[in-house]
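Peer 1: Here it is, the structure in full.
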Amino acid sequence: MSSKDPVDVYGFINAKLRARIGKMRQDRLVENLLKAPTLVDAVAQLRDSPYRPVAEVFDHTGDLQQMELVLLHTEIEMHRLVTKYLEGKSVALVNHLLAKIELDNLKNTIRLWYSSIIRRRPIRYRSEYLFKERILNPINWTALINATRWEEVVALLSSTPYGEVAAAVTAQEIESDGLFALESELDRSWYLTLITIIDTLSARDREVARSIFLVEIDLRNLATLVRYGRYYQMEGKAIAALLLPWGKVAASKESAAFLAQEPADRDGPALINHFYRGLESLKVNGQRGSVHSDEPGVLENMKIEEYLGQRRRELYQKILGGDPFTVGLVLAYFFLFKEETATIKATINGKYYGYSEEYIRGVIG
Amino acid sequence: MNLFTRPMRLLTAVVLEETSDSVVKALLQLGVMDFVHLNRLDPAQMEKLSSRPSAISRTMLEDLRLRVEALLRQGHLPLPSAENLDVRRLEKPDMESYRTTLDTLTASLLSIKEAQKQNNQILMGIEEIRRYIDEEKGEYLDLRVGTIEGKSQSDLASKIASYGGLLEPLGESGKLISLTLRRDIGQVDPLLEKFGWTESSDPALQQQAVGIIRTRLERERQKALEGRVESERAADAIIAKERDTLFAIWGNLRLNELSDQIKGYFSYTHNTTLFSGWVPADQAEAVRAAIMEASGGQCVIEWTEAGEVNRAEVPVAIASPKALKPFQNMVNNYATPEYGTVNPTIFVMIAYLTMFGLMFGDLGQGLVLVLAGLLFSRSYKKNPLKPDGMITRNVANLLVYLGLSSMVFGVLFGSTFGLELFPALWFPFEAVVAGHAPASSLISDVYGILGLTIKFGIIIIYAGLLINWVNLGRKRDWLTLLLDKNGIVGGVLFAVGLYMGFGFVKSGYHTFPSQSWIAPTVIVCLVGLFLRPFIHAFIEAKESGEKPAIGALLMDGVMEWLVDVLEIFTGYLSNTLSFMRVAGLGIAHASLMESFRQLSGLVDGFGGVVIFILGNLLVIVLEGLSSGIQSLRLNYYEFFSRYFTGKGVAYSPVGLTTSSRTRS
C-alpha cells in the first residue's frame, strides 16, 4: 500500500463518491423529507430517490420497521461496494466500519434476546426485523435470537471478535445488571480495534483517520460525561470507566475535575466549551421545546447533542475540502450517507407519530 | 422545421385591470408568451406603476399540489398533466377545504396502512415458525400434543397466540397441538400448567401433529398475506375513488400557480394593467387577437421587433420536429444557440448518425439496437409512472436512430453480426481490417479507412465553419466573418494547411508543396488576423467617439493574434486528427468481431454459437457505448466549437404545459 501511489488507490473511488455526494446535495432529499407534511408525502419523496425500494416496502407492508431493514441493507451494500474499489489497509478500515453495523445489529439482537429470555416478554414477530444475513463475521443470528440461555449466546459468539467480551459477562450479571456494561465493553472493544487498524495505515491515511476518529472519540466522551455525569448523576468512577482512553477529553484535567464534582454541580456546557467553543450561542428551538417543555434536562441534552453533531459535520466538511487522495473522502462519504439514512429513519418515524418538522429537526440535530 | 431559430416579437400591452383576469386566462391558454418585467421602461415611468401581492403565495399552492401528487402516487395512479388543465375552470382556490380533503384522505389511508402493518407482523410471525419447520430446525420450536382439563380451549388458544404460537385440535382425537417457539418456553410452560395440560407421549401423534400444524400454518399464512395484499388494494382503491376530486384540486392549484406566475410580471396603474413578453412572430397575431377578445377590445398593444433590441436579450425558440427530439436534447444539453442563428439540430443528427454508423456499421447489431430501443420505449409507454432507468426514455428513442444508422452502414460495409452474408455496397470494412480485402474494394487497407475518416472530419469542420459564416452574416458581423479564426481567414488557412498536408502525403512523406501562392496567402491571412482587433477598436471608437488607449490595444492585439495563430495551427490540426478516432473505433469493432468469429469457429456446435452470441452482445454493449460517446464528443468539441457560441437565452413561455416543480 505504502509503495502504491495514492492517486491510483483513491482516484476512482474519489470520483465515484464525489459524484454521489454531489447528487446527494443536489437531490436535497433530507430537506424535502423534513418538509413533507405527512408520512405519505415523506414516502413520496423517497419514490424518486435511490431509496425507492424503501417506499415500495411501505406500499407492500405499511411497516416502518421493514423500511428500516431495507435501509440497513442499503447501508451494508454501500460499504461492500466501497470496499470493492479500495485496496490495501484501507479495506481493513472500511471493513471495520462495516463491523460497527454488525456490532449494532448484534446489540439489537441481544437486546431482543434479553427482552425475551430475561425479561420474559414475548418478542413474537420482532425477531424478523433483525438483519439475519452475514454482515462480516459468521454469526448465526437465528440461533442467537432463539438461544434460551446466556451460555448459548456466548458459545455462538465464541468464534467472532465479540466472543471474548461476551464470555467475560456471566448470566447472573446480565440478569441483575442488564446489558449496559456488556454494550459499553463491546463498543470499547470496537474502538480498540479501530485504533489498531488506523496505526497500520499509510502515513497520510493514518493522519486523516486519526484526525477524524480522535475527534469522534472526544465528542463521544463529552456526550458520555454530560449525559451520565449530569443527567443520570452517575458516580465519577463509573463514568471514568465508560470513557474511551484516547483523544484529549479522556485524559484532561477538566474532565477529571468534572467527575470529581457532585453531580448537581457538574456544568456540562462549560466542560464542552472548554474543548469546543461556542455552545452558549446555540439557541434551543422554541417549537422543539413545546413538545417536551416539561423536561428542561432533555432539552439541554438535545442542545448539547445537536452542538456536538454540528462539530462532527464541520469536521467532515473540512475533510471533504482536503486532500482527495486519502481515506478521508471515504470516511466523509460514509458519514454523509449514514446521516442521510438516519434522517430518513427519524423522519418517517417522526411523521408517523405526527411530529412537526421543527421537532424532528431538533431530534436529528 | 425552421433552419434558423424562430423569429420573435416583443409585445407590450395595457389592459383595464377589470379585464386582467380574462387576459391571464387567454394568455395561459395560448401558452406562447415568455414574459419579461417592465423594468426596461424608463425609471420615471416605472415610478407610476405598482405591483399587487398574491392573495395566496405560490409556495402554498405548490406545496398543496405536491401533497395531491404524493397521494396519487401512493395510489399508483398516473399524475395529471397539462391535458387535464382547463383554463375555464380556473377559480379562487379554497385552500382550507382542499386541506381538509387531503387530511381526511391521508388519515383514512394511514389507518389502512396500520391494518396492513398488523397483517404484516402476523405474517412475519407465521413465516418464522414456518421457516423453522421447512428447514427442520425443530430445536427452535416447541411442539406438544396433549389435553387440557376443564378450561376453555379458545381461551388457551388466544393466550398462546399472544406469544405468536398456535393451538390446533388433533383431528377427532380430542387432543390438542400446541406450537410455540422454544425461546418462549419460560412463559408457555406455566401457561400450559395453569390450563392443566397433560402431555401425550405417543410419537405417532407427534408425527401426525406436524402435518396438521403445517396445514394450519399455511392457512394462517395465506390469511395474513391476503389481509396484507387486501390492505394494499384498499389503499389504492380509496385514492382511486377520490381520483376525480384530487385531479380537480390539482388542476385548480396548478392553474392558480401559473396564473400567479403570469401576474408576477404585471404592473399596475390606478385602473390599468401593463405587461410585456416575447412571442414567436408566427404567434403574434393569435396573441393580439386573444388579448383583444379577452379585454373586449379595450387594450393598447405595441410590438417591438427583435432587431430593435439587444440580441442577447431575445429568447431563443427552436422548432424541431418531435422525431428529432433526441438530437434536440443533445443541443440543449450543450447550450442555447444565439438568437437568429442556425438551428443546429438537423446537422447534429446527420453528423452524429454518420459518425456512429462509421464506427458501428453492422446490419444485425443495428437491428438489435433498434429492437432494444423499441422495447424500452414500449415499456415506458406502457408504464408512464416508471422512472427513467439506465436506459432513459431519451436514450431509448436515440437507440432506434443509432440502430438504423448502424443498419445502413452495415449494408454499405456488407456486415451482419460480423459475417459477410452479402457483398458490401461500399467496401467490406471487416475484410479490409483483416487484411484480405478484394482487389475491387474501394478501400484496401486501414490507412484508407483512416484517410476516409480524416476527410469526413474535414467535411464536418467545414460544415461547422459554413454554419458559422451564415450566422455571422445574419448578425451582420462582417469583420468577424472575414478576419476571425473561425471566419473566412481561418477557413482559408485551414484549406492551405490541408493542401500542404495532402501534398506531403502524396509525395510519399518527403516534401511539402511549394507553390508560389502559398506563402502570400498565408501572410495575407495572418496580417488580416492581426489587424482585426485594431479595425474593431477603430469602428468602436468611431461609433462611441471615445479613443482607445493605444498601448493597451497594441498589447491586447498582439497577444490575441498570437493566441489565434496558435489555435489555428494546433486547433485545426488536432480537430482534424481527432476524427481518426472514428476509424479507430470502427477498426476495433471489426477486429473484435473477427476475433469472436474465429473463436467461435474453434469450438464445434453449441459452444461456438454461444461464443458468437456472447461476443456480439459484448460488442453491442461496449462498442455501442463507446461509439455513442465518441460521436457526442466529436459533435460537441470538433463541430460545435466552430460555430456554437451558446450565448442564447432559452425561450420559456408560461402556459399549461410549463413544467412544474415536483420536488423543491
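Naming scheme: A, B, ... for chains in displayed order of the C-alpha cells; residues 1 onward per chain; ligands 1 onward as shown.
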Extract, using only C-alpha atoms, all DNA, RNA and protein residues at most 12 Å from Gln515 (chain B), discarding same-chain residues fewer than 5 positions from it, and format them as number ranges by chain.
Peer 2: B: 496, 499-500, 503, 520-521
Peer 1: DSSP says alpha helix (DSSP H) for which residues of region 358-531 of chain B? Put them as a PyMOL selection string?
Peer 2: chain B and resi 358-359+363-382+393-413+429-434+446-474+478-483+488-506+518-531
Peer 1: Could you tell me which residues of chain B sit within 9 Å of chain A when counting only C-alpha atoms, and give me the result as a compact mmCIF listing (two decimals) with C-alpha atoms, in the first residue's frame?
Peer 2:
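Final output, iface21.txt:
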# COMPACT_ATOMS: atom_id res chain seq x y z
CA ASP B 63 -46.94 22.58 -1.54
CA LEU B 66 -47.32 18.26 -4.18
CA ARG B 67 -49.49 16.73 -1.47
CA VAL B 68 -52.07 15.80 -4.09
CA GLU B 69 -49.32 14.27 -6.21
CA ALA B 70 -47.98 12.32 -3.23
CA LEU B 71 -51.42 10.81 -2.63
CA ARG B 73 -48.50 8.28 -6.36
CA GLN B 74 -49.29 6.40 -3.19
CA ASP B 103 -56.07 15.42 5.52
CA THR B 106 -54.44 10.81 4.32
CA LEU B 109 -55.02 5.90 4.08
CA LEU B 110 -52.84 5.74 7.16
CA ILE B 112 -55.48 1.22 6.20
CA LYS B 113 -51.69 1.19 6.33
CA GLU B 114 -51.85 0.50 10.07
CA ALA B 115 -54.05 -2.52 9.42
CA GLN B 116 -51.63 -3.60 6.71
CA LYS B 117 -48.76 -3.33 9.15
CA GLN B 118 -50.56 -5.55 11.65
CA ASN B 119 -51.20 -8.16 8.99
CA ASN B 120 -47.58 -7.94 8.03
CA GLN B 121 -46.49 -8.56 11.59
CA ILE B 122 -48.78 -11.58 11.89
CA LEU B 123 -47.36 -12.84 8.62
CA MET B 124 -43.81 -12.33 9.86
CA GLY B 125 -44.52 -14.35 13.00
CA ILE B 126 -46.03 -17.21 10.99
CA GLU B 127 -43.25 -17.09 8.42
CA GLU B 128 -40.64 -17.51 11.15
CA GLU B 139 -34.66 -27.12 18.13
CA TYR B 140 -36.19 -23.64 17.91
CA SER B 162 -50.16 -13.70 22.20
CA TYR B 163 -46.78 -15.48 22.12
CA GLY B 164 -47.06 -15.91 18.38
CA GLY B 165 -47.97 -19.60 18.78
CA LEU B 181 -41.15 -21.03 19.88
CA ARG B 182 -38.78 -22.67 22.32
CA ARG B 183 -37.44 -19.25 23.35
CA ASP B 184 -40.89 -18.58 24.85
CA ILE B 185 -40.86 -21.77 26.89
CA GLY B 186 -40.38 -19.80 30.10
CA GLN B 187 -43.82 -18.26 29.61
CA ARG B 228 -51.83 -7.52 3.70
CA VAL B 229 -52.47 -7.53 -0.03
CA SER B 231 -54.87 -3.52 2.58
CA GLU B 232 -52.62 -2.54 -0.29
CA ALA B 235 -55.18 1.89 -0.08
CA PRO B 387 -38.82 6.32 -13.52
CA ARG B 663 -39.62 18.47 -5.56
CA SER B 664 -38.22 21.61 -4.03
Peer 1: Would you list the contacts of region 541-558 of chain B as a PyMOL selection string, taking every protein, DNA or RNA residue within 8 Å and counting only C-alpha atoms, but skipping same-chain residues closer than 4 positions in sequence?
Peer 2: chain B and resi 530-531+533-534+537+562
Peer 1: Kindly save the residues from that selection, with C-alpha atoms included, as a compact mmCIF listing (two decimals), in the first residue's frame.
Peer 2:
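And here's again-v5.txt as it stands now:
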# COMPACT_ATOMS: atom_id res chain seq x y z
CA PHE B 530 -3.55 40.65 -36.82
CA LEU B 531 -5.46 43.72 -37.98
CA PRO B 533 -8.71 43.89 -33.12
CA PHE B 534 -7.38 47.21 -34.41
CA ALA B 537 -11.32 49.19 -31.97
CA LEU B 562 -0.51 35.06 -31.06
Peer 1: What's the 8 Å shell around Ala223 (chain A), counting only C-alpha atoms, without same-chain residues fewer than 5 positions away, as a count of residues only?
Peer 2: 3
Peer 1: So that I can check the surroundings of Gly196 (chain B), please list as a PyMOL selection string every protein, DNA and RNA residue that reaches within 8 Å of it, counting only C-alpha atoms and ignoring chain neighbours fewer than 2 positions away.
Peer 2: chain B and resi 147-149+192-194+198
Peer 1: I'd like the contact shell of Leu214 (chain A) - 12 Å cut-off, only C-alpha atoms, skipping same-chain residues fewer than 2 positions apart - returned as an mmCIF file with C-alpha atoms, in the first residue's frame.
Peer 2:
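Dumped to result_23.cif:
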data_model
loop_
_atom_site.group_PDB
_atom_site.id
_atom_site.type_symbol
_atom_site.label_atom_id
_atom_site.label_comp_id
_atom_site.auth_asym_id
_atom_site.auth_seq_id
_atom_site.Cartn_x
_atom_site.Cartn_y
_atom_site.Cartn_z
ATOM 1 C CA TYR A 191 -12.762 1.361 19.191
ATOM 2 C CA LEU A 192 -9.687 -0.519 20.407
ATOM 3 C CA LEU A 194 -10.210 0.721 15.217
ATOM 4 C CA ILE A 195 -7.191 2.441 16.722
ATOM 5 C CA ILE A 198 -5.564 3.082 11.991
ATOM 6 C CA ARG A 206 -3.229 7.485 9.356
ATOM 7 C CA GLU A 207 -3.085 11.216 9.844
ATOM 8 C CA VAL A 208 -6.530 11.764 8.309
ATOM 9 C CA ALA A 209 -8.155 8.802 10.064
ATOM 10 C CA ARG A 210 -6.712 9.807 13.439
ATOM 11 C CA SER A 211 -7.834 13.389 12.996
ATOM 12 C CA ILE A 212 -11.362 12.134 12.352
ATOM 13 C CA GLU A 216 -15.184 11.396 17.163
ATOM 14 C CA ILE A 217 -13.914 9.842 20.389
ATOM 15 C CA ASP A 218 -13.679 13.256 22.060
ATOM 16 C CA LEU A 219 -17.241 14.098 21.056
ATOM 17 C CA ARG A 220 -18.429 10.723 22.275
ATOM 18 C CA ASN A 221 -16.577 11.110 25.583
ATOM 19 C CA LEU A 244 -12.668 5.752 25.698
ATOM 20 C CA PRO A 245 -8.993 6.209 26.631
ATOM 21 C CA TRP A 246 -7.988 8.211 23.545
ATOM 22 C CA GLY A 247 -8.271 11.827 22.432
ATOM 23 C CA LYS A 248 -7.826 14.912 24.528
ATOM 24 C CA VAL A 249 -11.021 14.773 26.592
ATOM 25 C CA ALA A 250 -10.500 11.499 28.474
ATOM 26 C CA ARG A 312 -18.883 16.456 13.674
ATOM 27 C CA LEU A 315 -15.121 18.082 10.706
#
Peer 1: Excluding same-chain residues fewer than 2 positions from Asp260 (chain B), what lies within 10 Å of it counting only C-alpha atoms, as a list in words?
Peer 2: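 Selected residues are Val24, Pro53, Ser54, Ala55, Ile56, Ser57, Arg58, Leu61, Arg254, Leu255, Asn256, Glu257, Leu258, Ile262, Lys263, Gly264, Tyr265 and Phe266 of chain B.
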Peer 1: Generate a file of the selected residues that holds C-alpha atoms, formatted as a short mmCIF file (atom, residue, chain, number, x, y, z; two decimals), in the first residue's frame.
Peer 2:
data_model
loop_
_atom_site.label_atom_id
_atom_site.label_comp_id
_atom_site.auth_asym_id
_atom_site.auth_seq_id
_atom_site.Cartn_x
_atom_site.Cartn_y
_atom_site.Cartn_z
CA VAL B 24 -54.37 35.96 -17.95
CA PRO B 53 -49.10 40.91 -3.89
CA SER B 54 -50.61 37.46 -4.43
CA ALA B 55 -53.62 36.57 -2.30
CA ILE B 56 -52.19 33.08 -1.79
CA SER B 57 -48.47 32.52 -2.02
CA ARG B 58 -47.28 30.37 -4.87
CA LEU B 61 -50.23 26.44 -3.85
CA ARG B 254 -51.79 24.30 -10.93
CA LEU B 255 -53.84 26.87 -12.85
CA ASN B 256 -53.56 29.27 -9.93
CA GLU B 257 -49.81 28.73 -9.76
CA LEU B 258 -49.47 29.53 -13.46
CA ILE B 262 -48.04 35.45 -15.07
CA LYS B 263 -49.41 38.09 -12.72
CA GLY B 264 -45.98 38.32 -11.17
CA TYR B 265 -44.91 40.09 -14.37
CA PHE B 266 -47.85 42.50 -14.31
#
Peer 1: Quick one: distance from CA of Lys647 (chain B) to CA of Ala312 (chain B) in Å, one decimal?
Peer 2: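 Between CA of Lys647 (chain B) and CA of Ala312 (chain B) the gap is 7.1 Å.
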Peer 1: Identify all residues of region 68-185 of chain B in strand (DSSP E or B) (DSSP on the backbone) and supply them as a list in words.
Peer 2: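 DSSP-assigned strand (DSSP E or B) residues in region 68-185 of chain B: Leu141, Asp142, Leu143, Arg144, Val145, Gly146, Thr147, Leu166, Leu167, Glu168, Pro169, Leu170, Lys175, Leu176, Ile177, Ser178, Leu179, Thr180 and Leu181 of chain B.
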Peer 1: What does the file look like for those residues with N, CA and C atoms, as a PDB file, in the first residue's frame?
Peer 2:
ATOM      1  N   LEU B 141     -38.294 -24.846  18.009  1.00  0.00           N
ATOM      2  CA  LEU B 141     -39.750 -24.936  18.166  1.00  0.00           C
ATOM      3  C   LEU B 141     -40.127 -25.765  19.378  1.00  0.00           C
ATOM      4  N   ASP B 142     -41.308 -25.542  19.850  1.00  0.00           N
ATOM      5  CA  ASP B 142     -41.818 -26.319  20.966  1.00  0.00           C
ATOM      6  C   ASP B 142     -43.185 -26.861  20.552  1.00  0.00           C
ATOM      7  N   LEU B 143     -43.178 -28.080  20.031  1.00  0.00           N
ATOM      8  CA  LEU B 143     -44.414 -28.696  19.553  1.00  0.00           C
ATOM      9  C   LEU B 143     -44.872 -29.738  20.573  1.00  0.00           C
ATOM     10  N   ARG B 144     -46.078 -29.559  21.054  1.00  0.00           N
ATOM     11  CA  ARG B 144     -46.579 -30.515  22.068  1.00  0.00           C
ATOM     12  C   ARG B 144     -47.958 -31.016  21.664  1.00  0.00           C
ATOM     13  N   VAL B 145     -48.227 -32.233  22.093  1.00  0.00           N
ATOM     14  CA  VAL B 145     -49.570 -32.797  21.909  1.00  0.00           C
ATOM     15  C   VAL B 145     -50.073 -33.186  23.292  1.00  0.00           C
ATOM     16  N   GLY B 146     -51.262 -32.805  23.588  1.00  0.00           N
ATOM     17  CA  GLY B 146     -51.774 -33.125  24.913  1.00  0.00           C
ATOM     18  C   GLY B 146     -53.221 -32.713  25.076  1.00  0.00           C
ATOM     19  N   THR B 147     -53.651 -32.711  26.302  1.00  0.00           N
ATOM     20  CA  THR B 147     -55.048 -32.331  26.578  1.00  0.00           C
ATOM     21  C   THR B 147     -55.060 -31.292  27.702  1.00  0.00           C
ATOM     22  N   LEU B 166     -49.558 -21.284  18.127  1.00  0.00           N
ATOM     23  CA  LEU B 166     -50.837 -21.789  17.600  1.00  0.00           C
ATOM     24  C   LEU B 166     -51.333 -22.939  18.473  1.00  0.00           C
ATOM     25  N   LEU B 167     -52.641 -23.035  18.608  1.00  0.00           N
ATOM     26  CA  LEU B 167     -53.248 -24.186  19.280  1.00  0.00           C
ATOM     27  C   LEU B 167     -54.251 -24.777  18.297  1.00  0.00           C
ATOM     28  N   GLU B 168     -54.105 -26.081  18.023  1.00  0.00           N
ATOM     29  CA  GLU B 168     -54.927 -26.694  16.979  1.00  0.00           C
ATOM     30  C   GLU B 168     -55.405 -28.061  17.450  1.00  0.00           C
ATOM     31  N   PRO B 169     -56.696 -28.401  17.255  1.00  0.00           N
ATOM     32  CA  PRO B 169     -57.150 -29.744  17.623  1.00  0.00           C
ATOM     33  C   PRO B 169     -56.475 -30.797  16.757  1.00  0.00           C
ATOM     34  N   LEU B 170     -56.174 -31.921  17.375  1.00  0.00           N
ATOM     35  CA  LEU B 170     -55.532 -33.013  16.622  1.00  0.00           C
ATOM     36  C   LEU B 170     -56.640 -33.940  16.115  1.00  0.00           C
ATOM     37  N   LYS B 175     -57.404 -34.478  21.359  1.00  0.00           N
ATOM     38  CA  LYS B 175     -56.146 -33.902  21.841  1.00  0.00           C
ATOM     39  C   LYS B 175     -55.867 -32.589  21.120  1.00  0.00           C
ATOM     40  N   LEU B 176     -54.946 -31.834  21.694  1.00  0.00           N
ATOM     41  CA  LEU B 176     -54.615 -30.521  21.119  1.00  0.00           C
ATOM     42  C   LEU B 176     -53.119 -30.466  20.759  1.00  0.00           C
ATOM     43  N   ILE B 177     -52.841 -29.661  19.721  1.00  0.00           N
ATOM     44  CA  ILE B 177     -51.431 -29.428  19.363  1.00  0.00           C
ATOM     45  C   ILE B 177     -51.104 -27.993  19.779  1.00  0.00           C
ATOM     46  N   SER B 178     -50.024 -27.864  20.509  1.00  0.00           N
ATOM     47  CA  SER B 178     -49.560 -26.503  20.855  1.00  0.00           C
ATOM     48  C   SER B 178     -48.213 -26.291  20.166  1.00  0.00           C
ATOM     49  N   LEU B 179     -48.134 -25.237  19.361  1.00  0.00           N
ATOM     50  CA  LEU B 179     -46.862 -24.936  18.684  1.00  0.00           C
ATOM     51  C   LEU B 179     -46.427 -23.518  19.071  1.00  0.00           C
ATOM     52  N   THR B 180     -45.298 -23.464  19.730  1.00  0.00           N
ATOM     53  CA  THR B 180     -44.739 -22.148  20.086  1.00  0.00           C
ATOM     54  C   THR B 180     -43.239 -22.177  19.807  1.00  0.00           C
ATOM     55  N   LEU B 181     -42.603 -21.066  20.045  1.00  0.00           N
ATOM     56  CA  LEU B 181     -41.146 -21.031  19.878  1.00  0.00           C
ATOM     57  C   LEU B 181     -40.494 -21.426  21.197  1.00  0.00           C
TER      58      LEU B 181
END
Peer 1: Interatomic distance between CA of Leu320 (chain A) and CA of Trp190 (chain A)?
Peer 2: 25.1 Å
Peer 1: How many Å separate CA of Val563 (chain B) from CA of Asn635 (chain B)?
Peer 2: 23.5 Å
